[in-house]
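This is target25.cif. It holds mmCIF, C-alpha atoms.
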data_final
loop_
_atom_site.label_atom_id
_atom_site.label_comp_id
_atom_site.auth_asym_id
_atom_site.auth_seq_id
_atom_site.Cartn_x
_atom_site.Cartn_y
_atom_site.Cartn_z
CA MET X 56 201.60 218.13 183.44
CA THR X 57 198.54 220.38 183.64
CA LEU X 58 195.49 219.30 181.66
CA PRO X 59 193.81 221.86 179.38
CA ARG X 60 190.88 223.73 180.93
CA GLU X 61 188.37 222.16 178.47
CA THR X 62 189.51 218.67 179.42
CA GLN X 63 189.33 219.47 183.14
CA ASN X 64 185.83 220.91 182.78
CA GLY X 65 184.67 217.88 180.78
CA ALA X 66 186.10 215.49 183.36
CA SER X 67 184.54 217.48 186.19
CA ILE X 68 181.10 217.42 184.58
CA LYS X 69 181.33 213.69 183.94
CA SER X 70 182.43 212.97 187.51
CA ARG X 71 179.62 215.11 189.00
CA LEU X 72 177.08 213.42 186.73
CA ALA X 73 178.31 209.97 187.73
CA GLU X 74 178.22 210.89 191.44
CA SER X 75 174.68 212.28 191.10
CA LEU X 76 173.50 209.13 189.34
CA VAL X 77 174.98 206.90 192.03
CA GLN X 78 173.47 208.90 194.92
CA ASN X 79 170.02 209.65 193.53
CA THR X 80 169.20 206.82 191.17
CA GLU X 81 167.90 203.36 191.94
CA VAL X 82 169.36 201.05 189.33
CA SER X 83 167.91 197.71 188.29
CA ILE X 84 170.38 195.78 186.16
CA ASN X 85 168.95 194.17 183.04
CA SER X 86 171.60 192.49 180.93
CA GLY X 87 171.19 193.41 177.30
CA GLY X 88 169.57 196.75 178.13
CA CYS X 89 170.52 199.99 176.41
CA ILE X 90 170.98 203.36 178.10
CA ILE X 91 170.41 206.44 175.93
CA THR X 92 171.99 209.70 177.15
CA THR X 93 170.78 212.84 175.43
CA THR X 94 169.65 216.39 176.12
CA GLU X 95 166.19 217.95 176.52
CA ASP X 96 166.37 219.91 173.28
CA LYS X 97 167.25 216.79 171.32
CA ILE X 98 164.34 214.91 172.91
CA ARG X 99 161.99 217.76 171.98
CA LEU X 100 163.28 217.70 168.39
CA SER X 101 162.92 213.91 168.20
CA VAL X 102 159.36 214.00 169.59
CA HIS X 103 158.38 216.84 167.23
CA THR X 104 159.81 214.97 164.24
CA HIS X 105 158.08 211.72 165.24
CA LEU X 106 154.69 213.38 165.78
CA SER X 107 154.87 215.27 162.48
CA ARG X 108 155.47 211.97 160.70
CA MET X 109 152.69 210.26 162.62
CA GLU X 110 150.24 212.81 161.21
CA GLU X 111 150.71 211.19 157.80
CA ARG X 112 148.81 208.15 159.11
CA HIS X 113 145.44 209.93 158.94
CA LYS X 114 145.86 212.10 155.83
CA TRP X 115 144.15 209.51 153.61
CA VAL X 116 140.77 210.33 155.21
CA ALA X 117 140.26 213.62 153.30
CA PRO X 118 140.83 212.24 149.78
CA ALA X 119 138.81 209.13 150.65
CA GLY X 120 135.78 211.27 151.58
CA ILE X 121 136.06 213.38 148.43
CA LEU X 122 136.49 210.27 146.26
CA VAL X 123 133.36 208.67 147.70
CA ALA X 124 131.39 211.84 147.02
CA ILE X 125 132.58 212.02 143.39
CA ILE X 126 131.79 208.35 142.76
CA ALA X 127 128.33 208.79 144.25
CA ALA X 128 127.73 211.80 142.00
CA LEU X 129 128.85 209.94 138.88
CA VAL X 130 126.64 206.96 139.69
CA THR X 131 123.47 208.80 140.72
CA ALA X 132 123.55 212.27 139.12
CA ASP X 133 121.78 213.19 135.90
CA PHE X 134 124.03 215.86 134.41
CA LYS X 135 122.26 218.68 132.61
CA ASP X 136 123.25 221.46 130.25
CA ARG X 137 123.71 224.41 132.58
CA TRP X 138 126.56 226.87 131.90
CA LEU X 139 128.40 223.85 130.47
CA THR X 140 127.19 220.83 128.52
CA ALA X 141 126.19 217.68 130.42
CA ALA X 142 129.02 215.72 128.81
CA LEU X 143 131.56 218.34 129.92
CA TRP X 144 130.23 218.30 133.50
CA GLN X 145 130.59 214.51 133.53
CA ALA X 146 134.13 214.73 132.14
CA ILE X 147 135.09 217.25 134.85
CA PHE X 148 133.87 214.87 137.55
CA ILE X 149 135.72 211.95 135.97
CA VAL X 150 139.01 213.89 135.75
CA GLY X 151 138.53 215.16 139.29
CA GLY X 152 137.91 211.60 140.49
CA ILE X 153 141.13 210.41 138.86
CA VAL X 154 143.15 213.21 140.49
CA VAL X 155 141.63 212.52 143.92
CA PHE X 156 142.23 208.78 143.48
CA ILE X 157 145.94 209.43 142.85
CA TRP X 158 145.99 211.71 145.92
CA PHE X 159 144.34 208.91 147.93
CA LEU X 160 146.93 206.32 146.79
CA ILE X 161 149.83 208.62 147.74
CA ALA X 162 148.26 209.28 151.16
CA VAL X 163 147.78 205.55 151.78
CA PHE X 164 151.40 204.85 150.78
CA ARG X 165 152.66 207.50 153.19
CA ALA X 166 150.38 206.16 155.93
CA PHE X 167 152.04 202.74 155.66
CA LYS X 168 155.48 204.39 155.97
CA THR X 169 154.72 206.18 159.23
CA PRO X 170 157.39 205.45 161.85
CA SER X 171 156.98 202.92 164.64
CA ILE X 172 158.13 203.05 168.26
CA ASP X 173 161.37 201.37 167.20
CA ASP X 174 161.97 204.17 164.70
CA PHE X 175 161.47 206.75 167.46
CA VAL X 176 163.95 204.94 169.74
CA GLY X 177 166.38 204.78 166.83
CA LEU X 178 166.00 208.53 166.34
CA LEU X 179 166.85 209.09 170.03
CA ARG X 180 169.90 206.84 169.70
CA ALA X 181 171.02 208.79 166.66
CA SER X 182 170.75 212.05 168.62
CA GLN X 183 172.99 210.96 171.49
CA ALA X 184 176.66 211.84 171.54
CA PRO X 185 178.99 208.81 171.64
CA LEU X 186 180.76 208.22 174.93
CA GLY X 187 184.14 209.81 175.11
CA SER X 188 183.38 212.63 172.67
CA ASN X 189 184.38 216.11 173.76
CA SER X 190 182.09 218.89 172.58
CA ALA X 191 184.95 221.41 172.95
CA GLU X 192 186.81 219.60 170.20
CA ASP X 193 183.83 219.34 167.86
CA THR X 194 184.18 221.14 164.55
CA GLY X 195 181.00 219.67 163.16
CA SER X 196 178.86 222.74 162.56
CA ASP X 197 180.50 223.59 159.24
CA LEU X 198 180.57 219.92 158.26
CA ALA X 199 176.87 219.53 159.07
CA GLY X 200 176.01 222.55 156.94
CA MET X 201 178.03 221.12 154.08
CA LEU X 202 176.36 217.71 154.36
CA ILE X 203 172.84 219.14 154.43
CA SER X 204 173.32 221.65 151.63
CA HIS X 205 174.63 219.23 148.98
CA GLU X 206 173.69 215.95 147.37
CA TRP X 207 176.26 213.17 147.75
CA VAL X 208 177.14 209.79 146.26
CA LEU X 209 177.85 206.90 148.63
CA PHE X 210 180.07 204.15 147.23
CA PHE X 211 178.66 201.42 149.48
CA ASN X 212 180.38 198.56 147.65
CA PRO X 213 183.40 200.15 145.98
CA PRO X 214 184.51 200.65 143.35
CA GLY X 215 181.40 200.11 141.24
CA LYS X 216 178.25 200.08 143.35
CA CYS X 217 177.03 203.47 144.54
CA LYS X 218 173.88 205.47 145.22
CA ARG X 219 172.87 209.08 145.73
CA ILE X 220 172.35 210.13 149.33
CA THR X 221 171.14 213.28 151.10
CA PHE X 222 171.26 214.29 154.75
CA LEU X 223 168.20 215.93 156.35
CA THR X 224 168.24 218.45 159.18
CA ASP X 225 166.32 216.12 161.53
CA GLY X 226 169.15 213.56 161.55
CA THR X 227 167.62 211.17 159.03
CA VAL X 228 168.85 210.15 155.60
CA GLY X 229 166.64 211.43 152.77
CA THR X 230 167.50 210.09 149.33
CA GLY X 231 169.12 206.66 149.61
CA GLN X 232 167.59 205.79 152.98
CA ASN X 233 167.39 202.09 153.84
CA PRO X 234 167.66 200.01 157.05
CA ASN X 235 171.47 200.34 157.02
CA GLU X 236 171.75 204.06 156.19
CA HIS X 237 168.71 205.34 158.09
CA PHE X 238 170.06 208.04 160.46
CA TRP X 239 173.19 210.19 160.47
CA ARG X 240 175.13 212.16 163.05
CA LEU X 241 178.46 213.89 163.53
CA ALA X 242 180.65 212.60 166.36
CA GLY X 243 183.21 215.38 166.55
CA SER X 244 184.52 215.63 163.00
CA LYS X 245 183.45 212.10 162.06
CA LEU X 246 180.28 211.24 160.13
CA GLU X 247 178.39 208.18 161.35
CA LEU X 248 175.63 206.46 159.40
CA LEU X 249 173.32 204.51 161.67
CA GLN X 250 170.95 201.65 161.06
CA SER X 251 167.22 201.99 161.76
CA SER X 252 167.92 200.19 165.06
CA GLY X 253 170.37 202.95 166.06
CA ARG X 254 173.56 200.89 165.67
CA VAL X 255 176.52 202.48 163.93
CA HIS X 256 176.76 201.01 160.43
CA SER X 257 179.62 203.07 158.99
CA ARG X 258 181.95 205.88 160.05
CA PHE X 259 183.79 208.42 157.88
CA THR X 260 186.37 211.16 158.22
CA PHE X 261 186.44 214.14 155.88
CA ASP X 262 189.46 214.66 153.64
CA ARG X 263 189.45 218.41 152.99
CA VAL X 264 192.10 218.14 150.28
CA LYS X 265 190.12 215.62 148.21
CA CYS X 266 186.74 216.95 149.43
CA ARG X 267 185.46 213.45 150.19
CA TRP X 268 184.48 211.30 153.14
CA GLU X 269 186.68 208.25 153.73
CA HIS X 270 185.59 205.19 155.68
CA THR X 271 187.55 204.77 158.93
CA ASN X 272 187.35 200.96 158.68
CA ASP X 273 186.90 200.81 162.46
CA PRO X 274 186.25 197.27 163.74
CA ASP X 275 182.95 198.27 165.39
CA THR X 276 181.41 199.34 162.06
CA LEU X 277 179.19 196.87 160.20
CA SER X 278 179.51 198.11 156.62
CA ILE X 279 181.81 197.07 153.79
CA ARG X 280 185.34 198.43 154.21
CA GLY X 281 186.77 201.03 151.87
CA GLN X 282 183.57 203.00 151.39
CA CYS X 283 183.66 206.68 150.49
CA ILE X 284 181.20 209.54 149.98
CA LEU X 285 181.73 212.13 147.24
CA ARG X 286 179.82 215.24 146.25
CA ALA X 287 177.35 214.39 143.50
CA ASP X 288 178.53 217.26 141.29
CA SER X 289 182.05 215.79 141.30
CA VAL X 290 180.97 212.33 140.14
CA LYS X 291 180.49 211.86 136.41
#
Would you mind writing the file's structure down as structure tokens?
Amino acid sequence: MTLPRETQNGASIKSRLAESLVQNTEVSINSGGCIITTTEDKIRLSVHTHLSRMEERHKWVAPAGILVAIIAALVTADFKDRWLTAALWQAIFIVGGIVVFIWFLIAVFRAFKTPSIDDFVGLLRASQAPLGSNSAEDTGSDLAGMLISHEWVLFFNPPGKCKRITFLTDGTVGTGQNPNEHFWRLAGSKLELLQSSGRVHSRFTFDRVKCRWEHTNDPDTLSIRGQCILRADSVK
């Protein structure tokens, strides 16, 4: 029996890659280690995403400087009637100080949520294709567009407990993100939700008739069995 051309090409690429690794790579075995296989473009995307989030760590500096200046003005300035009354000038500074203080609190909150090195490694793990997947068989582009363009409801403890969930273009979960549903990826036509550590937490297949994602209940998944994901506009 002759294998399909796509299968032959995939097997040939894998065999050449394995041969190249054996001939040109010095391997030190560390039990418990993890090897991440990914592509250059995915690494670039992961680095860009990580750096853009890291910038949030320093954005509290600007509102902090403005807030200090406003407080100093309120404490030391003697407001006078010029164009506006002194009381109105003081009220403007007070309102401005309140607005800047709220800005400062939001910036500090975001600074504490900046990702760590473990988050970056988890993002790389989420970007890698699972072993054994065949890109020629992938039909995930339309599924990815559908996931990103809609809001969904994840029944994480069916039938009653659920939450809204969104899927971002950088491979992270937006609304509904937690340590268990932190990243997402498509492995062929299957949706995988990954923990912040990069481990697969749950896996779903899409039922086009019912327009819903059904849990595969695979033994390697860590989530509650029987989960499903429905479009938010179909859930009352």
- prompt: Can you list, as a VMD selection string, every protein, DNA or RNA residue that comes within 10 Å of segment 124-138 of chain X when you count only C-alpha atoms, leaving out same-chain residues fewer than 3 positions away?
  reply: chain X and resid 118 to 121 141 to 146 148 to 149 151 to 153 155
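Across the structure, atom CA of Ile161 of chain X and atom CA of Arg112 of chain X are spaced 11.4 Å apart.
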task: Specify as a PyMOL selection string each residue included when the PyMOL selection byres ((chain X and resi 260) around 8) is applied to this file.
output: chain X and resi 244-246+258-259+261-262+268-271
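Between atom CA of Lys265 of chain X and atom CA of Val290 of chain X the interatomic distance comes to 12.6 Å.
Separating atom CA of Cys217 of chain X from atom CA of Gln282 of chain X is a distance of 9.5 Å.
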task: Please evaluate the PyMOL selection byres ((chain X and resi 165) around 12) against the displayed coordinates and give the resulting residues as an MDAnalysis selection string.
output: chainID X and resid 108:115 158:164 166:170
